[in-house]
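Enquirer: Sharing my_file.cif here; it has mmCIF, C-alpha atoms and all ligand atoms.
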data_query
#
loop_
_atom_site.label_atom_id
_atom_site.label_comp_id
_atom_site.auth_asym_id
_atom_site.auth_seq_id
_atom_site.Cartn_x
_atom_site.Cartn_y
_atom_site.Cartn_z
CA MET A 10 7.26 -20.61 15.15
CA ASN A 11 4.66 -22.77 13.45
CA ASP A 12 5.80 -25.67 11.33
CA TYR A 13 4.16 -25.05 7.97
CA SER A 14 5.96 -27.88 6.18
CA ASN A 15 2.89 -30.07 5.81
CA LYS A 16 0.03 -27.69 6.51
CA LEU A 17 -2.25 -25.94 4.08
CA VAL A 18 -2.36 -22.38 5.37
CA THR A 19 -4.54 -19.68 3.83
CA ILE A 20 -3.76 -16.05 4.40
CA GLU A 21 -6.96 -15.71 6.45
CA ARG A 22 -5.82 -18.46 8.75
CA GLN A 23 -2.35 -17.02 9.17
CA ILE A 24 -3.78 -13.58 10.00
CA SER A 25 -6.11 -15.03 12.63
CA GLU A 26 -3.36 -17.26 14.11
CA GLN A 27 -1.07 -14.26 14.41
CA GLN A 28 -3.86 -12.34 16.11
CA ASP A 29 -4.27 -15.16 18.63
CA MET A 30 -0.62 -14.67 19.66
CA PHE A 31 -1.63 -11.28 21.10
CA PRO A 32 -4.46 -11.72 23.62
CA GLU A 33 -4.88 -7.94 23.89
CA ALA A 34 -5.48 -7.61 20.11
CA THR A 35 -8.88 -6.15 19.21
CA GLY A 36 -8.99 -7.77 15.77
CA GLU A 37 -8.93 -4.37 14.07
CA PHE A 38 -5.58 -5.01 12.42
CA SER A 39 -6.65 -8.49 11.25
CA ARG A 40 -9.78 -7.02 9.69
CA LEU A 41 -7.68 -4.37 7.98
CA LEU A 42 -5.48 -7.06 6.39
CA ARG A 43 -8.54 -9.05 5.31
CA ASP A 44 -10.01 -6.01 3.56
CA LEU A 45 -6.69 -5.33 1.90
CA THR A 46 -6.36 -8.88 0.59
CA LEU A 47 -9.85 -8.57 -0.88
CA ALA A 48 -8.70 -5.49 -2.82
CA LEU A 49 -5.58 -7.36 -3.98
CA ARG A 50 -7.68 -10.29 -5.19
CA ILE A 51 -9.87 -7.96 -7.22
CA ILE A 52 -6.89 -6.13 -8.73
CA ALA A 53 -5.20 -9.46 -9.54
CA ARG A 54 -8.35 -10.62 -11.30
CA ASP A 55 -8.55 -7.48 -13.42
CA VAL A 56 -4.84 -7.42 -14.22
CA ARG A 57 -5.34 -10.94 -15.61
CA ARG A 58 -8.28 -9.77 -17.71
CA ALA A 59 -6.76 -6.44 -18.71
CA GLY A 60 -6.28 -7.26 -22.38
CA LEU A 61 -9.80 -8.66 -22.61
CA ASN A 62 -11.43 -5.81 -20.76
CA ASP A 63 -9.86 -3.17 -22.95
CA ILE A 64 -8.58 -1.30 -19.94
CA LEU A 65 -4.98 -1.24 -21.05
CA GLY A 66 -3.59 2.05 -22.25
CA TYR A 67 -3.33 5.63 -21.18
CA THR A 68 -6.14 7.79 -19.91
CA GLN A 69 -6.07 11.41 -20.97
CA THR A 70 -4.80 12.60 -17.57
CA THR A 71 -1.41 12.76 -15.87
CA ASN A 72 -0.75 12.01 -12.19
CA ILE A 73 0.74 14.50 -9.76
CA HIS A 74 4.27 13.58 -10.91
CA GLY A 75 3.41 14.59 -14.47
CA GLU A 76 3.42 10.97 -15.68
CA SER A 77 0.66 9.64 -17.91
CA VAL A 78 -1.84 7.69 -15.83
CA LYS A 79 -3.03 4.38 -17.18
CA LYS A 80 -6.53 3.06 -16.81
CA LEU A 81 -5.45 0.09 -14.76
CA ASP A 82 -3.70 2.41 -12.25
CA GLU A 83 -6.91 4.33 -11.74
CA PHE A 84 -8.88 1.15 -11.34
CA ALA A 85 -6.45 -0.26 -8.73
CA ASN A 86 -6.40 3.04 -6.85
CA ASP A 87 -10.17 3.09 -6.74
CA ILE A 88 -10.51 -0.55 -5.63
CA ILE A 89 -8.14 -0.09 -2.70
CA PHE A 90 -9.97 3.03 -1.59
CA ARG A 91 -13.37 1.31 -1.83
CA ALA A 92 -12.16 -1.76 0.06
CA MET A 93 -10.51 0.26 2.82
CA ASP A 94 -12.58 3.40 3.42
CA HIS A 95 -15.44 1.95 5.47
CA GLY A 96 -13.89 -0.77 7.69
CA GLY A 97 -13.36 1.55 10.64
CA HIS A 98 -9.66 0.61 10.96
CA LEU A 99 -8.05 3.51 9.08
CA CYS A 100 -7.87 7.21 9.92
CA VAL A 101 -6.18 8.33 6.68
CA MET A 102 -4.64 6.94 3.50
CA ALA A 103 -2.17 8.13 0.87
CA SER A 104 -1.56 6.78 -2.60
CA GLU A 105 1.24 7.28 -5.06
CA GLU A 106 -1.43 8.10 -7.63
CA SER A 107 -3.23 10.77 -5.58
CA ASP A 108 -2.26 14.26 -4.65
CA GLY A 109 -2.50 14.94 -0.91
CA LEU A 110 -4.02 12.77 1.78
CA ILE A 111 -6.99 10.50 1.15
CA THR A 112 -9.48 11.08 3.92
CA ILE A 113 -12.00 8.59 5.27
CA PRO A 114 -15.54 9.68 4.33
CA ASN A 115 -17.38 11.47 7.14
CA GLU A 116 -19.99 8.76 7.58
CA TYR A 117 -17.44 6.10 8.55
CA LYS A 118 -15.66 5.51 11.83
CA LYS A 119 -11.96 6.49 11.97
CA GLY A 120 -9.58 3.83 13.22
CA ARG A 121 -6.11 3.43 14.67
CA TYR A 122 -4.17 2.71 11.47
CA VAL A 123 -2.75 4.56 8.48
CA LEU A 124 -2.37 3.05 4.99
CA ALA A 125 0.06 4.13 2.26
CA PHE A 126 0.02 2.37 -1.09
CA ASP A 127 1.26 2.32 -4.64
CA PRO A 128 -1.76 0.79 -6.39
CA LEU A 129 0.09 -0.37 -9.48
CA ASP A 130 3.87 -0.23 -9.47
CA GLY A 131 5.59 -0.61 -12.83
CA SER A 132 2.87 1.02 -14.86
CA SER A 133 5.14 1.50 -17.88
CA ASN A 134 5.11 -2.30 -18.11
CA ILE A 135 1.32 -2.68 -18.15
CA ASP A 136 0.82 -2.47 -21.89
CA VAL A 137 3.43 -5.09 -22.67
CA ASN A 138 2.22 -7.72 -20.20
CA ILE A 139 5.28 -7.53 -17.94
CA THR A 140 5.02 -8.09 -14.18
CA ILE A 141 3.46 -5.29 -12.16
CA GLY A 142 2.24 -5.17 -8.57
CA THR A 143 0.72 -3.32 -5.62
CA ILE A 144 2.79 -2.12 -2.65
CA PHE A 145 1.34 -1.34 0.78
CA SER A 146 2.48 -0.07 4.12
CA VAL A 147 0.59 0.23 7.43
CA TYR A 148 1.46 2.45 10.41
CA ARG A 149 -0.27 3.09 13.73
CA ARG A 150 -1.65 6.59 14.00
CA LEU A 151 0.37 8.81 16.32
CA GLU A 152 -2.49 9.42 18.77
CA PRO A 153 -4.01 5.95 19.23
CA ASN A 154 -7.08 7.16 21.16
CA GLU A 155 -8.03 9.83 18.63
CA ILE A 156 -11.27 9.20 16.71
CA THR A 157 -10.96 12.05 14.21
CA ASP A 158 -9.30 12.09 10.76
CA GLY A 159 -5.59 11.29 10.62
CA ASN A 160 -3.19 13.90 9.26
CA ALA A 161 0.09 14.25 7.39
CA ALA A 162 2.15 13.61 10.53
CA ASP A 163 0.53 10.16 10.80
CA LEU A 164 1.93 9.34 7.36
CA LEU A 165 5.31 11.02 7.78
CA GLN A 166 6.69 8.34 10.09
CA PRO A 167 10.04 6.64 9.56
CA GLY A 168 9.88 3.22 7.93
CA PHE A 169 10.94 1.31 11.03
CA LYS A 170 7.55 2.23 12.50
CA GLN A 171 5.62 0.22 9.88
CA VAL A 172 3.47 -2.42 11.56
CA CYS A 173 2.94 -4.24 8.30
CA ALA A 174 4.45 -3.93 4.84
CA GLY A 175 4.23 -5.94 1.70
CA TYR A 176 3.37 -6.27 -1.93
CA ALA A 177 1.29 -8.30 -4.34
CA LEU A 178 3.06 -9.32 -7.51
CA TYR A 179 0.97 -10.00 -10.61
CA GLY A 180 3.44 -12.21 -12.45
CA SER A 181 3.20 -15.70 -13.89
CA SER A 182 1.28 -16.32 -10.69
CA THR A 183 -0.03 -13.79 -8.18
CA GLN A 184 1.97 -13.73 -4.97
CA LEU A 185 1.47 -11.79 -1.78
CA VAL A 186 4.60 -11.10 0.26
CA TYR A 187 4.28 -9.45 3.64
CA THR A 188 5.79 -8.93 7.04
CA THR A 189 4.40 -7.80 10.36
CA GLY A 190 7.86 -7.92 11.92
CA HIS A 191 7.78 -11.69 12.42
CA GLY A 192 9.67 -12.75 9.29
CA VAL A 193 8.63 -12.63 5.65
CA ASP A 194 6.02 -15.02 4.29
CA VAL A 195 4.96 -15.52 0.69
CA PHE A 196 1.44 -16.62 -0.29
CA THR A 197 0.62 -17.79 -3.81
CA PHE A 198 -2.86 -17.24 -5.16
CA ASP A 199 -4.74 -20.32 -6.29
CA PRO A 200 -7.36 -18.95 -8.71
CA THR A 201 -9.32 -22.20 -8.72
CA ILE A 202 -10.25 -21.82 -5.05
CA GLY A 203 -9.80 -18.05 -4.77
CA GLU A 204 -7.33 -18.31 -1.88
CA PHE A 205 -3.81 -17.13 -1.11
CA LEU A 206 -1.93 -20.21 0.19
CA LEU A 207 1.31 -20.07 2.11
CA SER A 208 4.04 -21.15 -0.31
CA HIS A 209 7.28 -19.84 1.22
CA SER A 210 7.50 -19.41 4.97
CA GLN A 211 10.11 -17.24 6.68
CA VAL A 212 12.08 -16.35 3.55
CA ARG A 213 15.74 -15.38 4.05
CA ILE A 214 17.72 -13.44 1.47
CA PRO A 215 21.18 -14.88 0.60
CA LYS A 216 24.03 -13.03 2.35
CA ARG A 217 25.64 -12.33 -1.02
CA GLY A 218 24.22 -12.70 -4.51
CA LYS A 219 25.42 -12.71 -8.11
CA ILE A 220 22.96 -10.29 -9.71
CA TYR A 221 22.89 -6.49 -9.93
CA SER A 222 19.76 -4.64 -10.97
CA VAL A 223 19.83 -1.01 -12.05
CA ASN A 224 18.84 1.18 -14.99
CA GLU A 225 22.35 1.32 -16.42
CA GLY A 226 21.21 3.71 -19.16
CA ASN A 227 21.64 6.40 -16.51
CA TYR A 228 25.33 5.53 -16.00
CA HIS A 229 26.57 8.76 -17.62
CA SER A 230 24.80 10.86 -14.97
CA TRP A 231 25.78 8.86 -11.86
CA ALA A 232 28.36 9.86 -9.27
CA PRO A 233 31.83 8.42 -10.08
CA GLU A 234 31.68 6.18 -6.96
CA LEU A 235 29.06 4.10 -8.77
CA GLN A 236 31.99 2.53 -10.61
CA HIS A 237 30.88 -0.12 -8.10
CA VAL A 238 28.86 -1.48 -11.03
CA ASN A 239 32.08 -1.93 -13.05
CA TYR A 240 33.56 -3.74 -10.08
CA LEU A 241 30.71 -6.26 -10.27
CA LYS A 242 31.26 -6.76 -14.00
CA LEU A 243 35.05 -7.09 -14.07
CA PRO A 244 36.65 -10.44 -13.22
CA SER A 245 39.09 -10.23 -10.32
CA SER A 246 42.50 -11.91 -10.41
CA ASP A 247 40.98 -14.98 -8.73
CA GLY A 248 38.32 -15.26 -11.46
CA GLN A 249 35.50 -14.07 -9.15
CA ARG A 250 32.96 -11.27 -9.43
CA PRO A 251 31.16 -11.06 -12.77
CA TYR A 252 27.59 -10.55 -11.75
CA SER A 253 24.60 -10.99 -14.04
CA SER A 254 22.53 -7.95 -14.89
CA ARG A 255 18.72 -8.13 -14.57
CA TYR A 256 16.37 -5.15 -14.72
CA ILE A 257 12.62 -5.32 -15.15
CA GLY A 258 11.74 -1.70 -14.40
CA THR A 259 9.06 -2.69 -11.88
CA ALA A 260 10.68 -2.24 -8.47
CA ILE A 261 8.58 -4.97 -6.86
CA ALA A 262 9.58 -7.52 -9.48
CA ASP A 263 13.27 -6.62 -9.21
CA ILE A 264 13.06 -6.75 -5.41
CA HIS A 265 11.17 -10.04 -5.43
CA ARG A 266 13.92 -11.67 -7.49
CA THR A 267 16.53 -10.10 -5.20
CA LEU A 268 14.71 -11.48 -2.14
CA PHE A 269 15.05 -15.03 -3.44
CA TYR A 270 18.35 -14.94 -5.39
CA GLY A 271 20.21 -12.19 -3.54
CA GLY A 272 22.37 -9.47 -5.09
CA ILE A 273 21.65 -5.77 -5.21
CA PHE A 274 18.88 -3.56 -6.59
CA MET A 275 19.66 0.14 -6.97
CA TYR A 276 17.97 3.34 -7.94
CA PRO A 277 20.68 5.90 -7.24
CA SER A 278 20.49 9.66 -7.53
CA ASP A 279 21.84 11.10 -10.75
CA THR A 280 22.32 14.55 -12.22
CA LYS A 281 18.72 14.58 -13.59
CA SER A 282 17.13 13.20 -10.40
CA PRO A 283 19.19 14.30 -7.39
CA ASN A 284 16.96 12.26 -5.06
CA GLY A 285 16.63 9.21 -7.27
CA LYS A 286 13.24 8.19 -8.58
CA LEU A 287 11.59 5.94 -6.03
CA ARG A 288 9.17 7.29 -3.45
CA LEU A 289 10.14 6.80 0.17
CA ILE A 290 6.66 6.22 1.56
CA TYR A 291 4.99 4.19 -1.19
CA GLU A 292 7.85 2.13 -2.60
CA VAL A 293 11.09 2.31 -0.64
CA ASN A 294 9.94 1.85 2.96
CA PRO A 295 7.65 -1.16 2.40
CA LEU A 296 10.18 -2.92 0.15
CA ALA A 297 12.98 -2.09 2.60
CA ALA A 298 10.96 -3.59 5.47
CA ILE A 299 10.64 -6.86 3.54
CA ILE A 300 14.33 -6.97 2.59
CA GLU A 301 15.58 -6.10 6.09
CA GLU A 302 13.16 -8.48 7.78
CA ALA A 303 14.52 -11.24 5.50
CA GLY A 304 18.07 -10.48 6.69
CA GLY A 305 19.17 -8.09 3.93
CA ARG A 306 19.89 -4.37 3.94
CA ALA A 307 18.17 -1.32 2.44
CA SER A 308 20.34 1.77 2.37
CA ASN A 309 20.21 5.28 0.96
CA GLY A 310 23.97 4.96 0.49
CA ILE A 311 24.77 6.03 4.04
CA GLY A 312 22.53 4.01 6.34
CA SER A 313 19.18 2.23 6.59
CA VAL A 314 16.38 3.97 4.70
CA LEU A 315 14.03 2.80 7.45
CA GLU A 316 15.58 5.39 9.77
CA LEU A 317 14.84 8.34 7.48
CA GLN A 318 12.34 10.90 8.72
CA PRO A 319 10.07 11.63 5.73
CA GLU A 320 9.53 15.31 4.99
CA SER A 321 6.72 15.06 2.45
CA ILE A 322 4.40 12.30 1.37
CA HIS A 323 5.72 12.11 -2.19
CA GLN A 324 9.42 12.42 -1.27
CA ARG A 325 11.94 10.45 -3.34
CA VAL A 326 15.18 8.90 -2.09
CA PRO A 327 18.12 7.06 -3.64
CA VAL A 328 18.08 3.40 -2.65
CA PHE A 329 20.33 0.33 -2.64
CA MET A 330 18.70 -2.87 -1.38
CA GLY A 331 19.55 -6.52 -1.24
CA SER A 332 22.06 -8.95 0.20
CA GLU A 333 23.92 -7.67 3.23
CA ASP A 334 27.42 -8.13 1.76
CA ASP A 335 26.49 -6.52 -1.56
CA VAL A 336 24.97 -3.44 0.09
CA ASN A 337 27.94 -3.15 2.44
CA ASP A 338 30.31 -3.20 -0.57
CA LEU A 339 28.27 -0.52 -2.29
CA GLU A 340 28.36 1.73 0.78
CA MET A 341 32.14 1.29 0.97
CA PHE A 342 32.40 2.41 -2.67
CA LEU A 343 30.29 5.49 -1.96
CA ARG A 344 32.62 6.38 0.92
CA GLY A 345 35.66 5.80 -1.32
CA GLU A 346 36.88 3.10 1.05
CA HIS A 347 36.58 -0.07 -0.96
CA PRO A 348 39.91 -1.92 -1.40
CA ALA A 349 39.30 -2.23 -5.17
CA GLN A 350 39.16 1.57 -5.48
CA LYS A 351 42.43 1.84 -3.60
CA ASP A 352 44.33 -0.82 -5.54
CA GLY A 353 43.01 0.58 -8.85
CA SER A 354 41.36 -2.69 -9.96
CA VAL A 355 38.22 -0.87 -11.18
P1 LIG B 1 6.01 3.40 -12.76
O1 LIG B 1 5.04 2.70 -11.85
O2 LIG B 1 5.67 4.83 -13.01
O3 LIG B 1 6.25 2.62 -14.04
O4 LIG B 1 7.41 3.46 -12.02
C1 LIG B 1 8.03 2.30 -11.67
C2 LIG B 1 9.19 2.64 -10.82
O5 LIG B 1 8.85 3.60 -9.85
C3 LIG B 1 9.79 1.42 -10.15
O6 LIG B 1 8.87 0.40 -9.97
C4 LIG B 1 10.91 1.02 -11.09
O7 LIG B 1 11.95 0.36 -10.41
C5 LIG B 1 11.37 2.34 -11.63
O8 LIG B 1 10.23 3.18 -11.63
C6 LIG B 1 11.89 2.22 -13.03
O9 LIG B 1 12.36 3.47 -13.43
P2 LIG B 1 13.23 3.65 -14.76
O10 LIG B 1 12.29 3.44 -15.91
O11 LIG B 1 13.73 5.05 -14.69
O12 LIG B 1 14.36 2.66 -14.75
#
Have the structure of the file written as structure tokens, please.
Expert:
Amino acid sequence: MNDYSNKLVTIERQISEQQDMFPEATGEFSRLLRDLTLALRIIARDVRRAGLNDILGYTQTTNIHGESVKKLDEFANDIIFRAMDHGGHLCVMASEESDGLITIPNEYKKGRYVLAFDPLDGSSNIDVNITIGTIFSVYRRLEPNEITDGNAADLLQPGFKQVCAGYALYGSSTQLVYTTGHGVDVFTFDPTIGEFLLSHSQVRIPKRGKIYSVNEGNYHSWAPELQHVNYLKLPSSDGQRPYSSRYIGTAIADIHRTLFYGGIFMYPSDTKSPNGKLRLIYEVNPLAAIIEEAGGRASNGIGSVLELQPESIHQRVPVFMGSEDDVNDLEMFLRGEHPAQKDGSV
């Protein structure tokens, strides 16, 4: 592994160095990532100027999930499409904001890769200047030698098949976090030079944390086994346990904090939403790839979400992600096997 301790590394340089590690690489994947980072730079710029540009606020339309679509969501969706449609690396795309598959226009070459994205995660936070972000996920198409449009099967691949996954976080600074299966690196955007610079190399999530993150307003409609949350809040006889609660309502932001501080992020199923709220392809799989690659776990309550075979592109799944020990505890609770359930201490 490279020693980045005293080097200035731009994202462009890292992408090209990683390409050099594979002599058979055609450069197609590197070009795909370069185009994507261009889109992220543009979205970051406009998120920063949102208040000034008067693009905050709802449009008159709703997205396919019946939620009000905000102007900035539409803008981000459009920018990613325009940056990615003509490079010749993709055969099909899908976005959380669009119904159905997004095809590559006829005039452009079709490539070997598939892109799924959530252009602006956390849209309910846009109007109040709270952290939002973009999530992306890249797969190889199923038939690598095909030169026609990709199809739904190319997108309905289990998460462990992602060749790249990541997110851009538009917070107090803009950060790009991604993995290609060789660890998790974080790049921080320096607006004065217009570059993403490597700021945290090979991030590892703590094995156990002290924070839980969940929309606890849904407690009344959870399964009783989610008394796990009470377990985290109640001191044990040895004075251990009380966890802090933190919930932003932008999955990327909650996951980003979990990546660095550890603990557990959850969006369980409940009586209103039997499959939870988060979308497997656009949100859960890419975030799970980051967490697992950093040494954590991402579970649907039974096993790794990355093993799930998606059935539809907008499918939702319950999810529990974070530090290995915290997710293991949660799974034990769901199975009714945790010692605290047996000794009645919750
Ligand atoms: P939006 O992008 O529609 O705001 O959804 C965000 C999100 O999918 C995810 O980022 C949050 O973790 C989750 O919803 C928050 O949902 P609740 O408001 O139900 O807690």
Enquirer: As lines of an AutoDock Vina configuration file, please: the centre and edge lengths in Å, to one decimal, of an axis-aligned box enclosing every listed atom of ligand LIG 1 (chain B) with 3 Å added on each side.
Expert:
center_x = 9.7
center_y = 2.7
center_z = -12.9
size_x = 15.3
size_y = 10.7
size_z = 12.1
Enquirer: Take CA of Leu151 in chain A and CA of Ala92 in chain A and report the distance between them in Å, one decimal.
Expert: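 Here the two named atoms are 23.1 Å from each other.
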Enquirer: Smallest atom-to-atom distance to ligand LIG 1 (chain B): which of A:Leu317, A:Leu81, A:Ile214, A:Cys100, using all atoms listed in the file?
Expert: A:Leu81
Enquirer: For CA of Gly304 in chain A and CA of Asp279 in chain A, determine how far apart the two atoms are, in Å to one decimal place.
Expert: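 The value is 28.0 Å.
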Enquirer: Ligand LIG 1 (chain B): which residues are within 7 Å, counting all atoms listed in the file? Reply as an MDAnalysis selection string.
Expert: chainID A and resid 129:134 224 258:261 286:287
Enquirer: Write out as a list in words which residues come within 12 Å of Gly226 in chain A when counting all atoms listed in the file, dropping same-chain ones fewer than 4 positions away.
Expert: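 Answer for this query is Ser222, Ser230, Trp231, Tyr256, Gly258, Tyr276 and Asp279 of chain A.
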Enquirer: Any idea what the distance is between CA of Asp108 in chain A and CA of Asp55 in chain A?
Expert: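 Separating CA of Asp108 in chain A from CA of Asp55 in chain A is a distance of 24.3 Å.
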Enquirer: Excluding range 109-113 of chain A and any residue of its chain fewer than 4 positions from it, enumerate the residues within 8 Å of it, using only C-alpha atoms, and give them as a list in words.
Expert: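 Near range 109-113 of chain A, the qualifying residues are Asp94, His95, Leu99, Cys100, Val101, Met102, Ala103, Ser104, Tyr117, Lys119, Asp158, Gly159, Asn160, Ala161 and Ile322 of chain A.
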Enquirer: Select from range 205-286 of chain A every residue with an atom at most 6 Å from any atom of range 182-194 of chain A, then for each give the shortest pair of atoms and their distance in Å to one decimal, using all atoms listed in the file, rows by chain and rising number, as JSON lines.
Expert:
{"residue": "A:His209", "atom": "CA", "partner": "A:Asp194", "partner_atom": "CA", "distance": 5.9}
{"residue": "A:Ser210", "atom": "CA", "partner": "A:Asp194", "partner_atom": "CA", "distance": 4.7}
{"residue": "A:Gln211", "atom": "CA", "partner": "A:Val193", "partner_atom": "CA", "distance": 5.0}
{"residue": "A:Val212", "atom": "CA", "partner": "A:Val193", "partner_atom": "CA", "distance": 5.5}
Enquirer: Please rebuild range 298-306 of chain A with all heavy atoms and give the result as a CSV table (one decimal), in the coordinates of the input.
Expert:
chain,number,residue,atom,x,y,z
A,298,ALA,N,11.4,-2.8,4.3
A,298,ALA,CA,11.0,-3.6,5.5
A,298,ALA,C,11.0,-5.1,5.1
A,298,ALA,O,11.5,-5.9,6.0
A,298,ALA,CB,9.5,-3.2,5.9
A,299,ILE,N,10.6,-5.4,3.9
A,299,ILE,CA,10.6,-6.9,3.5
A,299,ILE,C,12.1,-7.3,3.5
A,299,ILE,O,12.5,-8.4,4.0
A,299,ILE,CB,10.0,-7.0,2.1
A,299,ILE,CG1,8.5,-6.7,2.2
A,299,ILE,CG2,10.2,-8.4,1.6
A,299,ILE,CD1,7.6,-7.7,2.9
A,300,ILE,N,12.9,-6.6,2.8
A,300,ILE,CA,14.3,-7.0,2.6
A,300,ILE,C,15.1,-7.1,3.9
A,300,ILE,O,15.8,-8.0,4.2
A,300,ILE,CB,15.1,-6.0,1.6
A,300,ILE,CG1,14.5,-6.2,0.2
A,300,ILE,CG2,16.6,-6.1,1.7
A,300,ILE,CD1,14.9,-7.5,-0.5
A,301,GLU,N,14.9,-6.1,4.8
A,301,GLU,CA,15.6,-6.1,6.1
A,301,GLU,C,15.0,-7.2,7.0
A,301,GLU,O,15.8,-7.9,7.7
A,301,GLU,CB,15.5,-4.7,6.8
A,301,GLU,CG,16.3,-3.7,6.0
A,301,GLU,CD,17.1,-2.7,6.8
A,301,GLU,OE1,16.8,-2.5,8.0
A,301,GLU,OE2,18.0,-2.0,6.2
A,302,GLU,N,13.7,-7.4,7.0
A,302,GLU,CA,13.2,-8.5,7.8
A,302,GLU,C,13.6,-9.9,7.3
A,302,GLU,O,13.7,-10.8,8.1
A,302,GLU,CB,11.6,-8.4,7.7
A,302,GLU,CG,10.9,-9.3,8.6
A,302,GLU,CD,11.1,-9.0,10.1
A,302,GLU,OE1,11.4,-7.9,10.5
A,302,GLU,OE2,11.0,-10.0,10.9
A,303,ALA,N,14.0,-10.0,6.0
A,303,ALA,CA,14.5,-11.2,5.5
A,303,ALA,C,16.0,-11.4,5.7
A,303,ALA,O,16.6,-12.3,5.2
A,303,ALA,CB,14.2,-11.4,4.0
A,304,GLY,N,16.6,-10.4,6.4
A,304,GLY,CA,18.1,-10.5,6.7
A,304,GLY,C,19.0,-9.7,5.8
A,304,GLY,O,20.2,-9.8,5.8
A,305,GLY,N,18.4,-8.9,4.8
A,305,GLY,CA,19.2,-8.1,3.9
A,305,GLY,C,19.3,-6.7,4.4
A,305,GLY,O,19.1,-6.4,5.6
A,306,ARG,N,19.7,-5.8,3.5
A,306,ARG,CA,19.9,-4.4,3.9
A,306,ARG,C,19.3,-3.5,2.9
A,306,ARG,O,19.2,-3.8,1.7
A,306,ARG,CB,21.4,-4.0,4.1
A,306,ARG,CG,22.1,-4.7,5.3
A,306,ARG,CD,23.3,-3.9,5.7
A,306,ARG,NE,23.0,-2.5,5.9
A,306,ARG,CZ,23.8,-1.5,5.6
A,306,ARG,NH1,25.0,-1.7,5.1
A,306,ARG,NH2,23.4,-0.3,5.8
